[in-house]
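A short worksheet on the structure shown next.
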Amino acid sequence: MTATGASSPDSARASVQIALELPDDVGSLTVRPLARSDAAAVTALMAGCEQHDVGTVLIEEADIVGDWQRPAFDLAAQSVGVLDEDRLVAYAEVYKGRWADAAVDPRYRGRGIGTALSRWTRRVAARDGGTLVGQPVPGDSPGERLLAALGYRTLWTSWVLELPAGTAITPQPIPQGYAVREPRDDADLRAAWTVNEDAFLEWSERPRASFEEWAATVSRRPGYEPWQLRLMVGPDDEVVGMAFVIVSSGCAYVDKLAVRRDQRGRGLARALLVDAFEVGRAHGGERSELSTDSRTGALGLYEKVGMQVTSVWRHWAADAVDGDEPDRGR
């Protein structure tokens with residue numbers, strides 16, 4: 001597996017390891033690339049940050065494992081961990097030279113670790129052919145204030161919404177000839193991927209994800225069962241819409257929702273959403289969640305079915321920076 005950027009880097013650039021340079025006064029902290037065995041530690045780190053910053057935990061280990069098994073992600077070259085003895089206290093990763101994730105244990109903030117991680121992500125993005133790198137952070141959080149101070153800019157706003165436990169799920173009629181079912185075979189999975197990618201690429205500025213990348217976080221995600229992938233099919237049984245539901249800790253999270261452009265305006269998206277709530281509740285998800293952002297224009301749809309905004313996130317980004325170029329951050 002090789003590091004893959006927004007445009008494929010040549011082998012010489014991909015082989016260059018980017019060192020994380022911590023401030024001199026952080027003590028005996030050590031740095032190393034992450035390994036797959038670190039998934040639980042990264043989950044615990046991110047959960048602690050989420051609890052501290054937004055008051056709830058959104059991450060689970062299967063999210064990390066699914067992301068790390070995407071074919072285009074090289075964990076050894078595109079991740080870094082900061083450890084205090086054997087305990088992971090900070091980490092960062094960069095996917096395809098554009099999409100970063102980073103977290104610092106609240107007890108270790110204020111020491112310049114976050115600034116060092118920012119510098120590292122910008123250099124990794126440049127190495128992998130990217131020109132812009134960024135990540136979502138909770139609104140009005142220490143992470144947001146740090147990125148603003150480092151010269152990052154906001155590109156869009158995201159919202160996490162919840163349908164509280166006990167809320168009545170209003171049935172949504174499905175047009176005659178249409179139905180919702182589970183996938184039956186690989187052809188159904190590929191049809192769902194096509195609908196999903198076509199819909200999201202209408203507004204998302206990124207290369208098309210391969211089927212293998214998509215499947216890594218859907219049908220190959222740890223614990224996946226066919227009932228989680230909801231397919232809206234038309235009179236000819238062709239897949240025209242899809243939703244993907246993850247149930248964890250009593251919450252049904254609607255991770256993906258898409259309807260083919262030529263099939264919109266028939267109530268199919270709302271019917272899929274209601275179906276996702278119902279099937280999630282049937283499998284232990286008493287409350288339901290999803291996220292959307294300002295690029296989609298879908299916030300009103302979710303509020304109309306009784307969902308409530310529980311947290312606000314913003315995507316902050318900065319230019320990738322080659323190692324030889326002076327860092328413009330602080």
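Labeling convention for the structure tokens: chains A, B, ... as they appear, residues from 1 per chain, ligands from 1 in order of appearance.
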Open item on the list: With only C-alpha atoms as the counted atoms, please give the residues lying no more than 10 Å from region 21-34 of chain A, apart from itself and same-chain residues fewer than 3 positions off, as a PyMOL selection string.
Closed with: chain A and resi 17-18+37-39+42+75-93+108+111-117+119-120
Open item on the list: Neighbouring residues of Gly151 (chain A) were defined as those with any atom within 12 Å, considering only C-alpha atoms; residues of the same chain fewer than 2 positions away were excluded. Please report them as a list in words.
Closed with: Thr115, Ser118, Arg119, Gly134, Glu144, Arg145, Leu146, Leu147, Ala148, Ala149, Arg153, Thr154, Trp316, Ala317, Ala318, Asp319, Asp327, Arg328, Gly329 and Arg330 of chain A
Those residues you just picked out, can you put them in a file as a compact mmCIF listing (two decimals), in the first residue's frame with N, CA and C atoms?
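The file below, selection.txt, is the result:
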# COMPACT_ATOMS: atom_id res chain seq x y z
N THR A 115 -0.56 22.67 17.86
CA THR A 115 0.12 23.45 16.83
C THR A 115 1.08 22.57 16.04
N SER A 118 -0.91 20.40 13.70
CA SER A 118 -1.35 21.19 12.55
C SER A 118 -0.24 21.30 11.52
N ARG A 119 0.96 21.62 11.97
CA ARG A 119 2.09 21.74 11.05
C ARG A 119 2.35 20.41 10.35
N GLY A 134 -7.89 20.05 5.91
CA GLY A 134 -8.72 20.55 6.99
C GLY A 134 -9.49 19.44 7.67
N GLU A 144 -11.32 24.81 17.77
CA GLU A 144 -11.69 25.85 16.82
C GLU A 144 -10.89 27.12 17.06
N ARG A 145 -10.71 27.49 18.31
CA ARG A 145 -9.94 28.69 18.61
C ARG A 145 -8.48 28.54 18.19
N LEU A 146 -7.93 27.34 18.35
CA LEU A 146 -6.55 27.12 17.94
C LEU A 146 -6.41 27.25 16.43
N LEU A 147 -7.29 26.60 15.67
CA LEU A 147 -7.17 26.65 14.22
C LEU A 147 -7.38 28.07 13.70
N ALA A 148 -8.28 28.81 14.31
CA ALA A 148 -8.47 30.20 13.91
C ALA A 148 -7.19 31.00 14.15
N ALA A 149 -6.55 30.77 15.29
CA ALA A 149 -5.31 31.48 15.62
C ALA A 149 -4.18 31.09 14.68
N ARG A 153 -9.23 28.75 7.86
CA ARG A 153 -10.47 29.42 7.49
C ARG A 153 -11.63 28.42 7.48
N THR A 154 -12.83 28.92 7.75
CA THR A 154 -14.01 28.07 7.79
C THR A 154 -14.56 27.88 6.38
N TRP A 316 -12.66 23.53 9.22
CA TRP A 316 -11.58 24.52 9.10
C TRP A 316 -10.48 23.95 8.23
N ALA A 317 -9.94 24.77 7.35
CA ALA A 317 -8.91 24.29 6.43
C ALA A 317 -7.83 25.34 6.24
N ALA A 318 -6.64 24.86 5.84
CA ALA A 318 -5.50 25.74 5.57
C ALA A 318 -4.73 25.17 4.39
N ASP A 319 -3.90 25.98 3.80
CA ASP A 319 -3.08 25.53 2.68
C ASP A 319 -2.07 24.49 3.15
N ASP A 327 6.62 27.82 7.97
CA ASP A 327 5.27 27.60 8.48
C ASP A 327 4.68 28.94 8.90
N ARG A 328 3.46 29.23 8.42
CA ARG A 328 2.84 30.50 8.72
C ARG A 328 1.96 30.44 9.97
N GLY A 329 1.93 29.26 10.61
CA GLY A 329 1.16 29.17 11.82
C GLY A 329 1.96 29.68 13.01
N ARG A 330 1.41 29.43 14.22
CA ARG A 330 2.09 29.88 15.43
C ARG A 330 2.57 28.67 16.22
Open item on the list: Let me make sure I understand: among A:Asp186, A:Arg36, A:Gln135, A:Asp53, which one has the smallest atom-to-atom distance to Thr157 (chain A) if we use only C-alpha atoms?
Closed with: A:Gln135
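If you look at CA of Asp188 (chain A) and CA of Glu60 (chain A), they are 26.6 Å away from each other.
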Open item on the list: So, with only C-alpha atoms as the atoms that count, which of A:Gly284, A:Pro235, A:Pro138, A:Gly241 lies closest to Glu197 (chain A)?
Closed with: A:Gly241
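Running DSSP on the backbone gives strand (DSSP E) for these residues within region 115-172 of chain A: Leu132, Val133, Gly134, Gln135, Pro136, Val137, Pro138, Arg153, Thr154, Leu155, Trp156, Thr157, Ser158, Trp159, Val160, Leu161, Glu162 and Leu163 of chain A.
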Using the selection just defined, write its residues with N, CA and C atoms as a PDB file, in the first residue's frame.
ATOM      1  N   LEU A 132      -4.838  21.774  -0.023  1.00  0.00           N
ATOM      2  CA  LEU A 132      -5.649  22.266   1.080  1.00  0.00           C
ATOM      3  C   LEU A 132      -5.935  21.102   2.011  1.00  0.00           C
ATOM      4  N   VAL A 133      -5.829  21.334   3.328  1.00  0.00           N
ATOM      5  CA  VAL A 133      -6.092  20.266   4.286  1.00  0.00           C
ATOM      6  C   VAL A 133      -6.926  20.833   5.425  1.00  0.00           C
ATOM      7  N   GLY A 134      -7.887  20.051   5.910  1.00  0.00           N
ATOM      8  CA  GLY A 134      -8.722  20.546   6.994  1.00  0.00           C
ATOM      9  C   GLY A 134      -9.493  19.438   7.667  1.00  0.00           C
ATOM     10  N   GLN A 135     -10.249  19.817   8.708  1.00  0.00           N
ATOM     11  CA  GLN A 135     -11.009  18.853   9.478  1.00  0.00           C
ATOM     12  C   GLN A 135     -12.169  19.558  10.176  1.00  0.00           C
ATOM     13  N   PRO A 136     -13.208  18.787  10.562  1.00  0.00           N
ATOM     14  CA  PRO A 136     -14.295  19.373  11.348  1.00  0.00           C
ATOM     15  C   PRO A 136     -13.913  19.436  12.820  1.00  0.00           C
ATOM     16  N   VAL A 137     -14.293  20.522  13.477  1.00  0.00           N
ATOM     17  CA  VAL A 137     -14.076  20.658  14.924  1.00  0.00           C
ATOM     18  C   VAL A 137     -15.340  21.247  15.541  1.00  0.00           C
ATOM     19  N   PRO A 138     -15.612  20.941  16.801  1.00  0.00           N
ATOM     20  CA  PRO A 138     -16.814  21.493  17.444  1.00  0.00           C
ATOM     21  C   PRO A 138     -16.780  23.015  17.471  1.00  0.00           C
ATOM     22  N   ARG A 153      -9.230  28.747   7.858  1.00  0.00           N
ATOM     23  CA  ARG A 153     -10.470  29.425   7.489  1.00  0.00           C
ATOM     24  C   ARG A 153     -11.630  28.422   7.481  1.00  0.00           C
ATOM     25  N   THR A 154     -12.826  28.917   7.749  1.00  0.00           N
ATOM     26  CA  THR A 154     -14.013  28.065   7.789  1.00  0.00           C
ATOM     27  C   THR A 154     -14.562  27.881   6.381  1.00  0.00           C
ATOM     28  N   LEU A 155     -14.821  26.624   5.999  1.00  0.00           N
ATOM     29  CA  LEU A 155     -15.373  26.339   4.678  1.00  0.00           C
ATOM     30  C   LEU A 155     -16.858  26.015   4.725  1.00  0.00           C
ATOM     31  N   TRP A 156     -17.307  25.299   5.766  1.00  0.00           N
ATOM     32  CA  TRP A 156     -18.734  25.023   5.908  1.00  0.00           C
ATOM     33  C   TRP A 156     -19.058  24.667   7.346  1.00  0.00           C
ATOM     34  N   THR A 157     -20.346  24.683   7.652  1.00  0.00           N
ATOM     35  CA  THR A 157     -20.847  24.367   8.987  1.00  0.00           C
ATOM     36  C   THR A 157     -21.614  23.055   8.938  1.00  0.00           C
ATOM     37  N   SER A 158     -21.446  22.233   9.966  1.00  0.00           N
ATOM     38  CA  SER A 158     -22.182  20.964  10.083  1.00  0.00           C
ATOM     39  C   SER A 158     -23.003  20.959  11.365  1.00  0.00           C
ATOM     40  N   TRP A 159     -24.072  20.186  11.343  1.00  0.00           N
ATOM     41  CA  TRP A 159     -24.919  20.035  12.520  1.00  0.00           C
ATOM     42  C   TRP A 159     -25.146  18.561  12.811  1.00  0.00           C
ATOM     43  N   VAL A 160     -25.082  18.189  14.074  1.00  0.00           N
ATOM     44  CA  VAL A 160     -25.524  16.863  14.509  1.00  0.00           C
ATOM     45  C   VAL A 160     -26.947  17.030  15.041  1.00  0.00           C
ATOM     46  N   LEU A 161     -27.863  16.199  14.542  1.00  0.00           N
ATOM     47  CA  LEU A 161     -29.261  16.276  14.948  1.00  0.00           C
ATOM     48  C   LEU A 161     -29.696  14.974  15.600  1.00  0.00           C
ATOM     49  N   GLU A 162     -30.669  15.070  16.481  1.00  0.00           N
ATOM     50  CA  GLU A 162     -31.149  13.907  17.211  1.00  0.00           C
ATOM     51  C   GLU A 162     -32.673  13.832  17.162  1.00  0.00           C
ATOM     52  N   LEU A 163     -33.192  12.621  17.008  1.00  0.00           N
ATOM     53  CA  LEU A 163     -34.603  12.334  17.244  1.00  0.00           C
ATOM     54  C   LEU A 163     -34.643  11.656  18.607  1.00  0.00           C
TER      55      LEU A 163
END
